[in-house]
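**Student:** Got target-v9.txt for you, compact mmCIF, N, CA and C atoms:
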```
# COMPACT_ATOMS: atom_id res chain seq x y z
N MET Y 17 -10.54 27.65 19.92
CA MET Y 17 -9.15 27.29 20.08
C MET Y 17 -8.58 26.90 18.71
N SER Y 18 -7.44 27.43 18.42
CA SER Y 18 -6.80 27.16 17.13
C SER Y 18 -5.94 25.90 17.21
N LEU Y 19 -6.03 25.09 16.18
CA LEU Y 19 -5.21 23.88 16.08
C LEU Y 19 -3.87 24.16 15.42
N ARG Y 20 -3.71 25.38 14.93
CA ARG Y 20 -2.48 25.71 14.20
C ARG Y 20 -1.22 25.47 15.03
N PRO Y 21 -1.11 25.91 16.30
CA PRO Y 21 0.12 25.65 17.06
C PRO Y 21 0.41 24.15 17.21
N LEU Y 22 -0.63 23.36 17.42
CA LEU Y 22 -0.43 21.92 17.56
C LEU Y 22 0.02 21.29 16.25
N LEU Y 23 -0.55 21.74 15.16
CA LEU Y 23 -0.16 21.24 13.85
C LEU Y 23 1.29 21.59 13.54
N LEU Y 24 1.69 22.82 13.82
CA LEU Y 24 3.08 23.23 13.58
C LEU Y 24 4.04 22.43 14.45
N LEU Y 25 3.67 22.17 15.68
CA LEU Y 25 4.51 21.38 16.57
C LEU Y 25 4.65 19.95 16.05
N ALA Y 26 3.56 19.36 15.58
CA ALA Y 26 3.60 18.00 15.03
C ALA Y 26 4.47 17.95 13.77
N LEU Y 27 4.34 18.94 12.90
CA LEU Y 27 5.16 18.98 11.69
C LEU Y 27 6.64 19.15 12.02
N ALA Y 28 6.94 19.98 13.00
CA ALA Y 28 8.34 20.17 13.39
C ALA Y 28 8.94 18.88 13.94
N ALA Y 29 8.17 18.15 14.70
CA ALA Y 29 8.66 16.88 15.26
C ALA Y 29 8.94 15.88 14.15
N CYS Y 30 8.08 15.83 13.15
CA CYS Y 30 8.30 14.91 12.03
C CYS Y 30 9.52 15.31 11.22
N ALA Y 31 9.68 16.59 10.97
CA ALA Y 31 10.80 17.07 10.17
C ALA Y 31 12.13 16.83 10.86
N ALA Y 32 12.16 16.93 12.17
CA ALA Y 32 13.41 16.78 12.92
C ALA Y 32 13.88 15.33 12.94
N GLU Y 33 12.96 14.40 12.77
CA GLU Y 33 13.33 12.99 12.87
C GLU Y 33 14.24 12.53 11.75
N GLY Y 34 13.97 12.96 10.52
CA GLY Y 34 14.80 12.57 9.39
C GLY Y 34 14.55 11.13 8.98
N PRO Y 35 15.29 10.67 7.99
CA PRO Y 35 15.12 9.29 7.53
C PRO Y 35 15.54 8.31 8.63
N PRO Y 36 14.88 7.15 8.68
CA PRO Y 36 15.17 6.21 9.78
C PRO Y 36 16.53 5.54 9.68
N ILE Y 37 17.05 5.33 8.46
CA ILE Y 37 18.33 4.64 8.31
C ILE Y 37 19.43 5.65 8.01
N ASP Y 38 20.57 5.48 8.67
CA ASP Y 38 21.73 6.32 8.43
C ASP Y 38 22.96 5.42 8.34
N VAL Y 39 23.86 5.76 7.43
CA VAL Y 39 25.14 5.05 7.30
C VAL Y 39 26.23 6.03 7.68
N ARG Y 40 27.13 5.60 8.56
CA ARG Y 40 28.22 6.49 8.99
C ARG Y 40 29.52 5.69 9.13
N ASP Y 41 30.61 6.42 9.26
CA ASP Y 41 31.93 5.84 9.52
C ASP Y 41 32.33 4.81 8.46
N ALA Y 42 31.98 5.07 7.21
CA ALA Y 42 32.32 4.12 6.13
C ALA Y 42 33.78 4.29 5.73
N TYR Y 43 34.42 3.16 5.41
CA TYR Y 43 35.81 3.18 4.93
C TYR Y 43 36.13 1.82 4.32
N GLY Y 44 37.22 1.80 3.60
CA GLY Y 44 37.75 0.56 3.05
C GLY Y 44 39.26 0.59 3.18
N TYR Y 45 39.88 -0.54 2.96
CA TYR Y 45 41.34 -0.61 2.94
C TYR Y 45 41.79 -0.84 1.51
N GLU Y 46 43.01 -0.37 1.21
CA GLU Y 46 43.55 -0.65 -0.11
C GLU Y 46 43.62 -2.16 -0.29
N SER Y 47 43.45 -2.60 -1.52
CA SER Y 47 43.39 -4.03 -1.80
C SER Y 47 44.77 -4.65 -1.79
N VAL Y 48 44.83 -5.83 -1.18
CA VAL Y 48 46.07 -6.62 -1.25
C VAL Y 48 45.84 -7.85 -2.14
N LEU Y 49 44.62 -7.95 -2.67
CA LEU Y 49 44.27 -9.10 -3.51
C LEU Y 49 43.85 -8.69 -4.92
N GLY Y 50 44.35 -7.58 -5.39
CA GLY Y 50 44.02 -7.15 -6.75
C GLY Y 50 42.65 -6.55 -6.86
N ASN Y 51 41.74 -7.23 -7.57
CA ASN Y 51 40.43 -6.63 -7.83
C ASN Y 51 39.36 -7.05 -6.82
N VAL Y 52 39.77 -7.42 -5.60
CA VAL Y 52 38.85 -7.77 -4.51
C VAL Y 52 39.15 -6.84 -3.34
N ALA Y 53 38.11 -6.29 -2.71
CA ALA Y 53 38.29 -5.40 -1.57
C ALA Y 53 37.03 -5.43 -0.70
N ALA Y 54 37.07 -4.73 0.41
CA ALA Y 54 35.92 -4.70 1.33
C ALA Y 54 35.66 -3.28 1.82
N VAL Y 55 34.41 -3.03 2.16
CA VAL Y 55 33.97 -1.75 2.74
C VAL Y 55 33.33 -2.06 4.09
N TYR Y 56 33.60 -1.19 5.06
CA TYR Y 56 33.08 -1.32 6.42
C TYR Y 56 32.30 -0.06 6.76
N MET Y 57 31.36 -0.17 7.68
CA MET Y 57 30.51 0.98 8.04
C MET Y 57 29.65 0.63 9.25
N THR Y 58 28.97 1.63 9.75
CA THR Y 58 27.94 1.44 10.76
C THR Y 58 26.61 1.82 10.13
N ILE Y 59 25.62 0.94 10.24
CA ILE Y 59 24.27 1.22 9.74
C ILE Y 59 23.37 1.37 10.95
N GLU Y 60 22.77 2.54 11.07
CA GLU Y 60 21.91 2.84 12.22
C GLU Y 60 20.46 2.91 11.78
N ASN Y 61 19.58 2.26 12.53
CA ASN Y 61 18.15 2.33 12.30
C ASN Y 61 17.52 3.09 13.46
N ARG Y 62 17.15 4.33 13.21
CA ARG Y 62 16.51 5.16 14.24
C ARG Y 62 14.99 4.99 14.24
N GLY Y 63 14.51 4.15 13.34
CA GLY Y 63 13.07 3.96 13.23
C GLY Y 63 12.52 2.98 14.26
N SER Y 64 11.22 2.83 14.26
CA SER Y 64 10.55 1.92 15.20
C SER Y 64 10.27 0.55 14.59
N LEU Y 65 10.64 0.38 13.31
CA LEU Y 65 10.44 -0.90 12.62
C LEU Y 65 11.79 -1.40 12.10
N PRO Y 66 11.95 -2.72 12.00
CA PRO Y 66 13.19 -3.22 11.41
C PRO Y 66 13.24 -2.86 9.92
N ASP Y 67 14.43 -2.78 9.39
CA ASP Y 67 14.61 -2.59 7.96
C ASP Y 67 15.72 -3.55 7.52
N THR Y 68 15.80 -3.79 6.24
CA THR Y 68 16.73 -4.79 5.73
C THR Y 68 17.54 -4.22 4.58
N LEU Y 69 18.86 -4.35 4.68
CA LEU Y 69 19.74 -4.00 3.57
C LEU Y 69 19.57 -5.10 2.53
N VAL Y 70 19.08 -4.73 1.34
CA VAL Y 70 18.77 -5.74 0.33
C VAL Y 70 19.73 -5.71 -0.85
N ASP Y 71 20.45 -4.59 -1.03
CA ASP Y 71 21.35 -4.49 -2.18
C ASP Y 71 22.41 -3.45 -1.90
N VAL Y 72 23.60 -3.72 -2.40
CA VAL Y 72 24.71 -2.77 -2.29
C VAL Y 72 25.40 -2.70 -3.64
N GLU Y 73 25.71 -1.49 -4.08
CA GLU Y 73 26.48 -1.28 -5.30
C GLU Y 73 27.68 -0.41 -4.95
N VAL Y 74 28.81 -0.73 -5.53
CA VAL Y 74 30.01 0.10 -5.39
C VAL Y 74 30.49 0.42 -6.81
N ALA Y 75 30.62 1.71 -7.09
CA ALA Y 75 31.06 2.12 -8.42
C ALA Y 75 32.40 1.47 -8.74
N GLY Y 76 32.49 0.87 -9.91
CA GLY Y 76 33.72 0.22 -10.34
C GLY Y 76 33.84 -1.24 -9.95
N ALA Y 77 32.85 -1.76 -9.21
CA ALA Y 77 32.86 -3.17 -8.82
C ALA Y 77 31.81 -3.93 -9.61
N LEU Y 78 32.18 -5.08 -10.11
CA LEU Y 78 31.23 -5.93 -10.82
C LEU Y 78 30.17 -6.46 -9.86
N VAL Y 79 30.61 -6.82 -8.65
CA VAL Y 79 29.73 -7.39 -7.63
C VAL Y 79 30.06 -6.77 -6.28
N ALA Y 80 29.03 -6.48 -5.50
CA ALA Y 80 29.19 -6.06 -4.10
C ALA Y 80 28.11 -6.77 -3.30
N MET Y 81 28.52 -7.44 -2.21
CA MET Y 81 27.55 -8.19 -1.40
C MET Y 81 28.02 -8.25 0.04
N VAL Y 82 27.08 -8.45 0.94
CA VAL Y 82 27.42 -8.55 2.35
C VAL Y 82 27.93 -9.96 2.64
N HIS Y 83 29.09 -10.01 3.26
CA HIS Y 83 29.72 -11.26 3.70
C HIS Y 83 29.96 -11.18 5.20
N GLU Y 84 30.17 -12.35 5.79
CA GLU Y 84 30.58 -12.42 7.19
C GLU Y 84 31.78 -13.34 7.28
N GLN Y 85 32.78 -12.90 8.00
CA GLN Y 85 33.96 -13.73 8.24
C GLN Y 85 33.70 -14.55 9.49
N VAL Y 86 33.81 -15.87 9.37
CA VAL Y 86 33.56 -16.75 10.51
C VAL Y 86 34.68 -17.78 10.63
N ALA Y 87 34.97 -18.14 11.87
CA ALA Y 87 35.99 -19.16 12.13
C ALA Y 87 35.37 -20.53 11.89
N ALA Y 88 36.13 -21.39 11.19
CA ALA Y 88 35.71 -22.77 10.94
C ALA Y 88 36.91 -23.65 11.25
N GLY Y 89 37.02 -24.05 12.51
CA GLY Y 89 38.20 -24.82 12.94
C GLY Y 89 39.41 -23.90 12.94
N ASP Y 90 40.44 -24.32 12.25
CA ASP Y 90 41.66 -23.51 12.16
C ASP Y 90 41.62 -22.52 10.99
N MET Y 91 40.55 -22.53 10.24
CA MET Y 91 40.42 -21.70 9.05
C MET Y 91 39.42 -20.57 9.29
N VAL Y 92 39.46 -19.61 8.41
CA VAL Y 92 38.49 -18.52 8.41
C VAL Y 92 37.77 -18.58 7.07
N GLU Y 93 36.44 -18.52 7.11
CA GLU Y 93 35.63 -18.57 5.90
C GLU Y 93 34.88 -17.27 5.72
N MET Y 94 34.60 -16.95 4.46
CA MET Y 94 33.72 -15.84 4.12
C MET Y 94 32.39 -16.45 3.72
N ARG Y 95 31.34 -16.04 4.40
CA ARG Y 95 30.00 -16.55 4.08
C ARG Y 95 29.14 -15.41 3.56
N HIS Y 96 28.46 -15.67 2.45
CA HIS Y 96 27.52 -14.70 1.89
C HIS Y 96 26.34 -14.57 2.83
N VAL Y 97 26.02 -13.34 3.20
CA VAL Y 97 24.90 -13.09 4.13
C VAL Y 97 23.62 -12.83 3.36
N GLY Y 98 23.72 -12.18 2.23
CA GLY Y 98 22.51 -11.81 1.49
C GLY Y 98 21.90 -10.58 2.14
N ARG Y 99 20.69 -10.70 2.60
CA ARG Y 99 19.98 -9.58 3.23
C ARG Y 99 20.46 -9.43 4.68
N LEU Y 100 20.57 -8.18 5.11
CA LEU Y 100 21.05 -7.88 6.46
C LEU Y 100 20.00 -7.05 7.18
N THR Y 101 19.37 -7.63 8.20
CA THR Y 101 18.32 -6.93 8.94
C THR Y 101 18.94 -6.00 9.97
N ILE Y 102 18.41 -4.78 10.01
CA ILE Y 102 18.82 -3.78 10.99
C ILE Y 102 17.64 -3.60 11.94
N PRO Y 103 17.76 -4.10 13.18
CA PRO Y 103 16.64 -3.99 14.12
C PRO Y 103 16.30 -2.53 14.43
N PRO Y 104 15.06 -2.27 14.88
CA PRO Y 104 14.68 -0.89 15.21
C PRO Y 104 15.52 -0.36 16.38
N ASP Y 105 15.75 0.94 16.35
CA ASP Y 105 16.48 1.63 17.42
C ASP Y 105 17.80 0.97 17.76
N SER Y 106 18.55 0.56 16.73
CA SER Y 106 19.85 -0.07 16.97
C SER Y 106 20.75 0.12 15.77
N SER Y 107 22.00 -0.33 15.92
CA SER Y 107 22.99 -0.22 14.86
C SER Y 107 23.62 -1.58 14.60
N VAL Y 108 24.05 -1.77 13.36
CA VAL Y 108 24.83 -2.95 12.99
C VAL Y 108 26.16 -2.43 12.46
N VAL Y 109 27.25 -2.95 13.01
CA VAL Y 109 28.58 -2.50 12.64
C VAL Y 109 29.22 -3.53 11.71
N LEU Y 110 29.65 -3.07 10.55
CA LEU Y 110 30.41 -3.90 9.62
C LEU Y 110 31.87 -3.52 9.83
N ARG Y 111 32.70 -4.51 10.22
CA ARG Y 111 34.09 -4.23 10.57
C ARG Y 111 34.98 -5.40 10.20
N PRO Y 112 36.29 -5.15 10.10
CA PRO Y 112 37.20 -6.25 9.78
C PRO Y 112 37.04 -7.40 10.77
N GLY Y 113 37.06 -8.62 10.24
CA GLY Y 113 36.90 -9.80 11.08
C GLY Y 113 35.45 -10.19 11.31
N GLY Y 114 34.52 -9.48 10.71
CA GLY Y 114 33.09 -9.77 10.88
C GLY Y 114 32.33 -9.48 9.61
N LEU Y 115 31.21 -8.79 9.75
CA LEU Y 115 30.41 -8.40 8.60
C LEU Y 115 31.15 -7.35 7.77
N HIS Y 116 30.99 -7.41 6.45
CA HIS Y 116 31.59 -6.43 5.55
C HIS Y 116 30.92 -6.51 4.19
N VAL Y 117 31.09 -5.48 3.39
CA VAL Y 117 30.65 -5.52 2.00
C VAL Y 117 31.86 -5.95 1.18
N MET Y 118 31.76 -7.11 0.56
CA MET Y 118 32.83 -7.65 -0.28
C MET Y 118 32.59 -7.17 -1.71
N MET Y 119 33.64 -6.62 -2.30
CA MET Y 119 33.58 -6.15 -3.68
C MET Y 119 34.49 -7.04 -4.52
N GLU Y 120 33.99 -7.47 -5.65
CA GLU Y 120 34.76 -8.31 -6.55
C GLU Y 120 34.67 -7.75 -7.96
N GLY Y 121 35.66 -8.09 -8.79
CA GLY Y 121 35.66 -7.62 -10.17
C GLY Y 121 35.81 -6.11 -10.27
N MET Y 122 36.67 -5.54 -9.43
CA MET Y 122 36.89 -4.09 -9.44
C MET Y 122 37.56 -3.68 -10.75
N ASP Y 123 37.21 -2.50 -11.26
CA ASP Y 123 37.87 -1.95 -12.45
C ASP Y 123 39.37 -1.87 -12.22
N ARG Y 124 39.72 -1.49 -11.00
CA ARG Y 124 41.12 -1.42 -10.60
C ARG Y 124 41.18 -1.57 -9.08
N ALA Y 125 42.29 -2.03 -8.59
CA ALA Y 125 42.45 -2.20 -7.15
C ALA Y 125 42.44 -0.84 -6.46
N PRO Y 126 41.60 -0.67 -5.42
CA PRO Y 126 41.61 0.60 -4.70
C PRO Y 126 42.92 0.79 -3.93
N VAL Y 127 43.41 2.02 -3.93
CA VAL Y 127 44.63 2.34 -3.20
C VAL Y 127 44.32 3.44 -2.20
N ALA Y 128 45.18 3.54 -1.18
CA ALA Y 128 44.99 4.57 -0.15
C ALA Y 128 44.86 5.94 -0.81
N GLY Y 129 43.88 6.69 -0.35
CA GLY Y 129 43.61 8.00 -0.93
C GLY Y 129 42.43 8.01 -1.88
N ASP Y 130 42.05 6.85 -2.40
CA ASP Y 130 40.85 6.75 -3.24
C ASP Y 130 39.61 6.95 -2.38
N THR Y 131 38.49 7.18 -3.05
CA THR Y 131 37.19 7.23 -2.39
C THR Y 131 36.25 6.33 -3.18
N LEU Y 132 35.59 5.43 -2.49
CA LEU Y 132 34.63 4.52 -3.12
C LEU Y 132 33.23 5.11 -3.00
N ALA Y 133 32.48 5.10 -4.09
CA ALA Y 133 31.09 5.55 -4.10
C ALA Y 133 30.21 4.33 -3.88
N VAL Y 134 29.48 4.32 -2.77
CA VAL Y 134 28.68 3.16 -2.37
C VAL Y 134 27.21 3.55 -2.31
N THR Y 135 26.34 2.68 -2.81
CA THR Y 135 24.89 2.88 -2.70
C THR Y 135 24.30 1.68 -1.99
N ALA Y 136 23.57 1.95 -0.92
CA ALA Y 136 22.90 0.91 -0.14
C ALA Y 136 21.39 1.08 -0.31
N ARG Y 137 20.71 -0.03 -0.59
CA ARG Y 137 19.25 -0.01 -0.76
C ARG Y 137 18.60 -0.87 0.31
N PHE Y 138 17.52 -0.33 0.88
CA PHE Y 138 16.83 -0.98 1.99
C PHE Y 138 15.42 -1.38 1.61
N ALA Y 139 14.91 -2.41 2.25
CA ALA Y 139 13.61 -2.99 1.91
C ALA Y 139 12.46 -2.00 2.02
N ARG Y 140 12.55 -1.05 2.93
CA ARG Y 140 11.47 -0.08 3.11
C ARG Y 140 11.58 1.09 2.13
N GLY Y 141 12.48 0.99 1.15
CA GLY Y 141 12.54 1.97 0.07
C GLY Y 141 13.63 3.02 0.16
N GLN Y 142 14.31 3.10 1.28
CA GLN Y 142 15.36 4.11 1.40
C GLN Y 142 16.60 3.68 0.63
N GLU Y 143 17.20 4.63 -0.07
CA GLU Y 143 18.45 4.41 -0.80
C GLU Y 143 19.43 5.47 -0.34
N ILE Y 144 20.62 5.04 0.06
CA ILE Y 144 21.63 5.96 0.58
C ILE Y 144 22.90 5.79 -0.23
N THR Y 145 23.39 6.89 -0.78
CA THR Y 145 24.68 6.89 -1.48
C THR Y 145 25.66 7.65 -0.60
N PHE Y 146 26.84 7.06 -0.40
CA PHE Y 146 27.83 7.66 0.49
C PHE Y 146 29.23 7.36 0.00
N ALA Y 147 30.19 8.10 0.52
CA ALA Y 147 31.59 7.95 0.16
C ALA Y 147 32.31 7.16 1.23
N ALA Y 148 33.18 6.24 0.81
CA ALA Y 148 34.00 5.46 1.73
C ALA Y 148 35.46 5.70 1.37
N PRO Y 149 36.19 6.46 2.20
CA PRO Y 149 37.60 6.68 1.90
C PRO Y 149 38.39 5.38 2.01
N VAL Y 150 39.40 5.24 1.17
CA VAL Y 150 40.26 4.06 1.19
C VAL Y 150 41.51 4.39 2.00
N LEU Y 151 41.77 3.57 3.02
CA LEU Y 151 42.90 3.76 3.93
C LEU Y 151 44.02 2.78 3.58
N PRO Y 152 45.25 3.07 4.03
CA PRO Y 152 46.33 2.09 3.87
C PRO Y 152 45.94 0.79 4.57
N TYR Y 153 46.30 -0.34 3.98
CA TYR Y 153 45.92 -1.63 4.54
C TYR Y 153 46.40 -1.73 5.99
N GLY Y 154 45.47 -2.08 6.88
CA GLY Y 154 45.79 -2.29 8.30
C GLY Y 154 45.83 -1.03 9.14
N ALA Y 155 45.60 0.15 8.54
CA ALA Y 155 45.62 1.38 9.32
C ALA Y 155 44.53 1.35 10.38
N ASP Y 156 44.81 1.92 11.53
CA ASP Y 156 43.82 2.00 12.60
C ASP Y 156 42.67 2.88 12.15
N ARG Y 157 41.50 2.48 12.54
CA ARG Y 157 40.29 3.24 12.20
C ARG Y 157 39.66 3.76 13.44
```
Let me see whether you can do it: turn the structure in this file into structure tokens.

**Tutor:**
Amino acid sequence: MSLRPLLLLALAACAAEGPPIDVRDAYGYESVLGNVAAVYMTIENRGSLPDTLVDVEVAGALVAMVHEQVAAGDMVEMRHVGRLTIPPDSSVVLRPGGLHVMMEGMDRAPVAGDTLAVTARFARGQEITFAAPVLPYGADR
């Protein structure tokens, strides 16, 4: 009995799976605060192990980091999250009013029609570079 058909089937299954982490639906809004802006996205972990977003870079930004907007009494605060764990077989959504990538020290304020080049690095070694279109402030997504 030949093992070749079984080997080919196993290889095809591995190839179809692809990388465990995927970033989709990325976007940002034009800045209303000058050289500060935010990027939103969905991070999906199709793998069987958790992974952690450990670093984010945005071209033209001095600093990019994960923040969370939280209510504190009558005020809203931005809290630095640092590392963001993505559980296995699940997604984490970064959206206005919650988790987001905060960019500071931008070369110039992003305006509608721009595209931000974003690189996300994960603890298990995956690095994903993607484009985030800039929308008019407050536009429906």

**Student:** Which of these, Y:Gly129, Y:Gly63, Y:Pro112, Y:Gly98, has the shortest distance to Y:Pro35 once you count all atoms listed in the file?

**Tutor:**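 Of all the options, Y:Gly63 lies closest to Y:Pro35.
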
**Student:** With 7 Å as the cut-off and only N, CA and C atoms counted, what is the closest atom pair between each nearby residue of stretch 111-152 of chain Y and stretch 75-96 of chain Y? Distances in Å to one decimal, ordered by chain and number, as JSON lines.

**Tutor:**
```
{"residue": "Y:Gly113", "atom": "C", "partner": "Y:Gln85", "partner_atom": "CA", "distance": 4.9}
{"residue": "Y:Gly114", "atom": "C", "partner": "Y:Gln85", "partner_atom": "N", "distance": 3.8}
{"residue": "Y:Leu115", "atom": "CA", "partner": "Y:Glu84", "partner_atom": "CA", "distance": 4.3}
{"residue": "Y:His116", "atom": "C", "partner": "Y:His83", "partner_atom": "N", "distance": 4.1}
{"residue": "Y:Val117", "atom": "CA", "partner": "Y:Met81", "partner_atom": "C", "distance": 4.3}
{"residue": "Y:Met118", "atom": "N", "partner": "Y:Met81", "partner_atom": "C", "distance": 3.9}
{"residue": "Y:Met119", "atom": "CA", "partner": "Y:Ala80", "partner_atom": "CA", "distance": 4.4}
{"residue": "Y:Glu120", "atom": "N", "partner": "Y:Val79", "partner_atom": "C", "distance": 4.0}
{"residue": "Y:Gly121", "atom": "C", "partner": "Y:Leu78", "partner_atom": "N", "distance": 3.8}
{"residue": "Y:Met122", "atom": "CA", "partner": "Y:Ala77", "partner_atom": "CA", "distance": 4.2}
{"residue": "Y:Asp123", "atom": "N", "partner": "Y:Gly76", "partner_atom": "C", "distance": 3.8}
{"residue": "Y:Arg124", "atom": "N", "partner": "Y:Gly76", "partner_atom": "C", "distance": 6.0}
{"residue": "Y:Leu132", "atom": "C", "partner": "Y:Ala75", "partner_atom": "N", "distance": 5.9}
{"residue": "Y:Ala133", "atom": "C", "partner": "Y:Ala75", "partner_atom": "N", "distance": 4.2}
{"residue": "Y:Val134", "atom": "N", "partner": "Y:Ala75", "partner_atom": "N", "distance": 5.2}
{"residue": "Y:Thr135", "atom": "N", "partner": "Y:Ala75", "partner_atom": "N", "distance": 6.1}
```

**Student:** Within 6 Å of Y:Ser106, counting only C-alpha atoms, which residues show up once you throw out same-chain ones fewer than 2 positions away? Write them as a tab-separated table (two decimals) with N, CA and C atoms, in the coordinates of the input, please.

**Tutor:**
```
chain	number	residue	atom	x	y	z
Y	60	GLU	N	22.77	2.54	11.07
Y	60	GLU	CA	21.91	2.84	12.22
Y	60	GLU	C	20.46	2.91	11.78
Y	61	ASN	N	19.58	2.26	12.53
Y	61	ASN	CA	18.15	2.33	12.30
Y	61	ASN	C	17.52	3.09	13.46
Y	103	PRO	N	17.76	-4.10	13.18
Y	103	PRO	CA	16.64	-3.99	14.12
Y	103	PRO	C	16.30	-2.53	14.43
Y	104	PRO	N	15.06	-2.27	14.88
Y	104	PRO	CA	14.68	-0.89	15.21
Y	104	PRO	C	15.52	-0.36	16.38
```

**Student:** I need the residues in chain Y that are strand (DSSP E or B) according to DSSP; give them as an MDAnalysis selection string.

**Tutor:** chainID Y and resid 37:45 53:61 67:74 77:88 91:96 100:102 106:110 115:122 131:138 143:151

**Student:** Quote the spacing between atom CA of Y:Pro126 and atom CA of Y:Val150 in Å to one decimal place.

**Tutor:** 7.0 Å

**Student:** Record the distance separating atom C of Y:Arg157 and atom C of Y:Val97, expressed in Å with one decimal.

**Tutor:** 25.2 Å

**Student:** Quick one: of Y:Thr58, Y:Gln142, Y:Ser47, Y:Thr68, who's nearest to Y:Thr101, counting only N, CA and C atoms?

**Tutor:** Y:Thr68

**Student:** Give me the residues within 6.5 Å of Y:Leu100 as a list of chain:residue names, counting only N, CA and C atoms and dropping any in the same chain fewer than 4 places off.

**Tutor:**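 So the residues in contact are Y:Asp67, Y:Thr68, Y:Leu69, Y:Val70.
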
**Student:** Between atom CA of Y:Phe146 and atom CA of Y:Val39, what is the distance, to one decimal in Å?

**Tutor:**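 Between these atoms lies a distance of 7.8 Å.
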
**Student:** Give the answer as one residue: which of Y:Ile102, Y:Val108, Y:Val72, Y:Ile59 has the shortest atom-to-atom distance to Y:Arg140, using only C-alpha atoms?

**Tutor:**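 Going through Y:Ile102, Y:Val108, Y:Val72, Y:Ile59 one by one, the smallest distance to Y:Arg140 is for Y:Ile102.
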
**Student:** For Y:Met57, which residue among Y:Val127, Y:Asp38, Y:Leu110, Y:Glu73 is the nearest when counting all atoms listed in the file?

**Tutor:**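 Distance minimum relative to Y:Met57 lands on Y:Leu110.
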
**Student:** For each of Y:Phe138, Y:Leu65, Y:Ala148, Y:Leu49, take the minimum atom-to-atom distance to Y:Ala125, counting only C-alpha atoms, then give the residue where this is smallest.

**Tutor:**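 Of all the options, Y:Leu49 lies closest to Y:Ala125.
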
**Student:** For a quick check of understanding, using all atoms listed in the file, which of Y:Val109, Y:Val74, Y:Pro149, Y:Arg99 has the smallest distance to Y:Ala136?

**Tutor:**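 Ranked by minimum distance to Y:Ala136, first place goes to Y:Val74.
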
**Student:** Determine which residues of chain Y DSSP labels as helix (DSSP H, G or I) from the backbone of this structure, then write them out as a PyMOL selection string.

**Tutor:** chain Y and resi 20-33

**Student:** Once all heavy atoms are restored for stretch 47-51 of chain Y, what would the output be as a PDB file, keeping the file's coordinate frame?

**Tutor:**
```
ATOM      1  N   SER Y  47      43.450  -2.600  -1.520  1.00  0.00           N
ATOM      2  CA  SER Y  47      43.390  -4.030  -1.800  1.00  0.00           C
ATOM      3  C   SER Y  47      44.770  -4.650  -1.790  1.00  0.00           C
ATOM      4  O   SER Y  47      45.724  -4.085  -2.308  1.00  0.00           O
ATOM      5  CB  SER Y  47      42.740  -4.256  -3.161  1.00  0.00           C
ATOM      6  OG  SER Y  47      42.739  -5.635  -3.471  1.00  0.00           O
ATOM      7  N   VAL Y  48      44.830  -5.830  -1.180  1.00  0.00           N
ATOM      8  CA  VAL Y  48      46.070  -6.620  -1.250  1.00  0.00           C
ATOM      9  C   VAL Y  48      45.840  -7.850  -2.140  1.00  0.00           C
ATOM     10  O   VAL Y  48      46.739  -8.649  -2.322  1.00  0.00           O
ATOM     11  CB  VAL Y  48      46.563  -7.052   0.159  1.00  0.00           C
ATOM     12  CG1 VAL Y  48      46.963  -5.837   0.975  1.00  0.00           C
ATOM     13  CG2 VAL Y  48      45.508  -7.873   0.873  1.00  0.00           C
ATOM     14  N   LEU Y  49      44.620  -7.950  -2.670  1.00  0.00           N
ATOM     15  CA  LEU Y  49      44.270  -9.100  -3.510  1.00  0.00           C
ATOM     16  C   LEU Y  49      43.850  -8.690  -4.920  1.00  0.00           C
ATOM     17  O   LEU Y  49      43.038  -9.356  -5.552  1.00  0.00           O
ATOM     18  CB  LEU Y  49      43.131  -9.897  -2.856  1.00  0.00           C
ATOM     19  CG  LEU Y  49      43.421 -10.490  -1.483  1.00  0.00           C
ATOM     20  CD1 LEU Y  49      42.155 -11.111  -0.892  1.00  0.00           C
ATOM     21  CD2 LEU Y  49      44.520 -11.535  -1.581  1.00  0.00           C
ATOM     22  N   GLY Y  50      44.350  -7.580  -5.390  1.00  0.00           N
ATOM     23  CA  GLY Y  50      44.020  -7.150  -6.750  1.00  0.00           C
ATOM     24  C   GLY Y  50      42.650  -6.550  -6.860  1.00  0.00           C
ATOM     25  O   GLY Y  50      42.378  -5.501  -6.282  1.00  0.00           O
ATOM     26  N   ASN Y  51      41.740  -7.230  -7.570  1.00  0.00           N
ATOM     27  CA  ASN Y  51      40.430  -6.630  -7.830  1.00  0.00           C
ATOM     28  C   ASN Y  51      39.360  -7.050  -6.820  1.00  0.00           C
ATOM     29  O   ASN Y  51      38.173  -7.029  -7.115  1.00  0.00           O
ATOM     30  CB  ASN Y  51      39.973  -6.937  -9.258  1.00  0.00           C
ATOM     31  CG  ASN Y  51      39.698  -8.407  -9.482  1.00  0.00           C
ATOM     32  OD1 ASN Y  51      39.960  -9.247  -8.617  1.00  0.00           O
ATOM     33  ND2 ASN Y  51      39.165  -8.727 -10.644  1.00  0.00           N
TER      34      ASN Y  51
END
```
